Amino acid sequence: MVETGKTPVEALSYEQAFSELETVVEDLEREEHTLEEALALYARGQALLQRCRQLLEEAELKVRQLVDGEGVPLSVEEGE
């Protein structure tokens, strides 16, 4: 079983949070847990998911700022 709460979610990098999220999901799918354990894992998973979304949004904002500063379009359609 995954030990929840070892590192504060806010201190995790995207890669760390995503990796732990994968582990939490696998653990919930494979193992039997008491209701309390399952709820703790689910809560940790939700926090990890939110952290990943936050970091992705921050990265997207940085890319947009960089691209806007260069005058290069952020997305390029196929065939352009």
# chains A, B, ... in the order shown; residues from 1 in each chain; ligands from 1

call {"tool": "select_by_dssp", "arguments": {"residues": "chain A", "states": "alpha helix (DSSP H)", "output": "number ranges by chain"}}
result
A: 14-30, 35-70

call {"tool": "write_last_selection", "arguments": {"atoms": "C-alpha atoms", "output": "compact mmCIF listing (two decimals), in the first residue's frame"}}
result
# COMPACT_ATOMS: atom_id res chain seq x y z
CA TYR A 14 5.16 17.59 -11.84
CA GLU A 15 7.08 14.37 -12.45
CA GLN A 16 6.99 13.40 -8.78
CA ALA A 17 3.28 14.17 -8.42
CA PHE A 18 2.37 12.33 -11.62
CA SER A 19 4.43 9.28 -10.66
CA GLU A 20 2.85 9.12 -7.21
CA LEU A 21 -0.60 9.62 -8.74
CA GLU A 22 -0.02 6.62 -11.02
CA THR A 23 1.04 4.57 -7.99
CA VAL A 24 -2.03 5.62 -6.01
CA VAL A 25 -4.35 4.67 -8.88
CA GLU A 26 -2.65 1.30 -9.35
CA ASP A 27 -2.80 0.65 -5.61
CA LEU A 28 -6.49 1.45 -5.45
CA GLU A 29 -7.18 -0.79 -8.44
CA ARG A 30 -5.17 -3.79 -7.25
CA LEU A 35 -12.73 2.22 3.73
CA GLU A 36 -10.52 4.60 5.70
CA GLU A 37 -7.40 3.61 3.73
CA ALA A 38 -9.21 3.87 0.40
CA LEU A 39 -10.52 7.32 1.28
CA ALA A 40 -7.05 8.49 2.31
CA LEU A 41 -5.59 7.21 -0.97
CA TYR A 42 -8.40 8.83 -2.95
CA ALA A 43 -7.89 12.16 -1.19
CA ARG A 44 -4.14 12.03 -1.84
CA GLY A 45 -4.84 11.17 -5.47
CA GLN A 46 -7.16 14.16 -5.83
CA ALA A 47 -4.54 16.46 -4.32
CA LEU A 48 -1.88 15.04 -6.66
CA LEU A 49 -4.15 15.51 -9.66
CA GLN A 50 -4.78 19.12 -8.69
CA ARG A 51 -1.03 19.69 -8.30
CA CYS A 52 -0.35 18.27 -11.77
CA ARG A 53 -3.06 20.49 -13.29
CA GLN A 54 -1.67 23.55 -11.50
CA LEU A 55 1.87 22.91 -12.71
CA LEU A 56 0.68 22.28 -16.28
CA GLU A 57 -1.30 25.52 -16.27
CA GLU A 58 1.74 27.42 -14.99
CA ALA A 59 3.93 25.85 -17.68
CA GLU A 60 1.37 26.68 -20.38
CA LEU A 61 1.25 30.30 -19.20
CA LYS A 62 5.06 30.55 -19.34
CA VAL A 63 5.11 29.08 -22.86
CA ARG A 64 2.41 31.50 -23.99
CA GLN A 65 4.34 34.43 -22.54
CA LEU A 66 7.52 33.30 -24.27
CA VAL A 67 5.78 32.70 -27.57
CA ASP A 68 3.85 35.96 -27.43
CA GLY A 69 7.10 37.77 -26.82
CA GLU A 70 8.63 36.17 -29.91
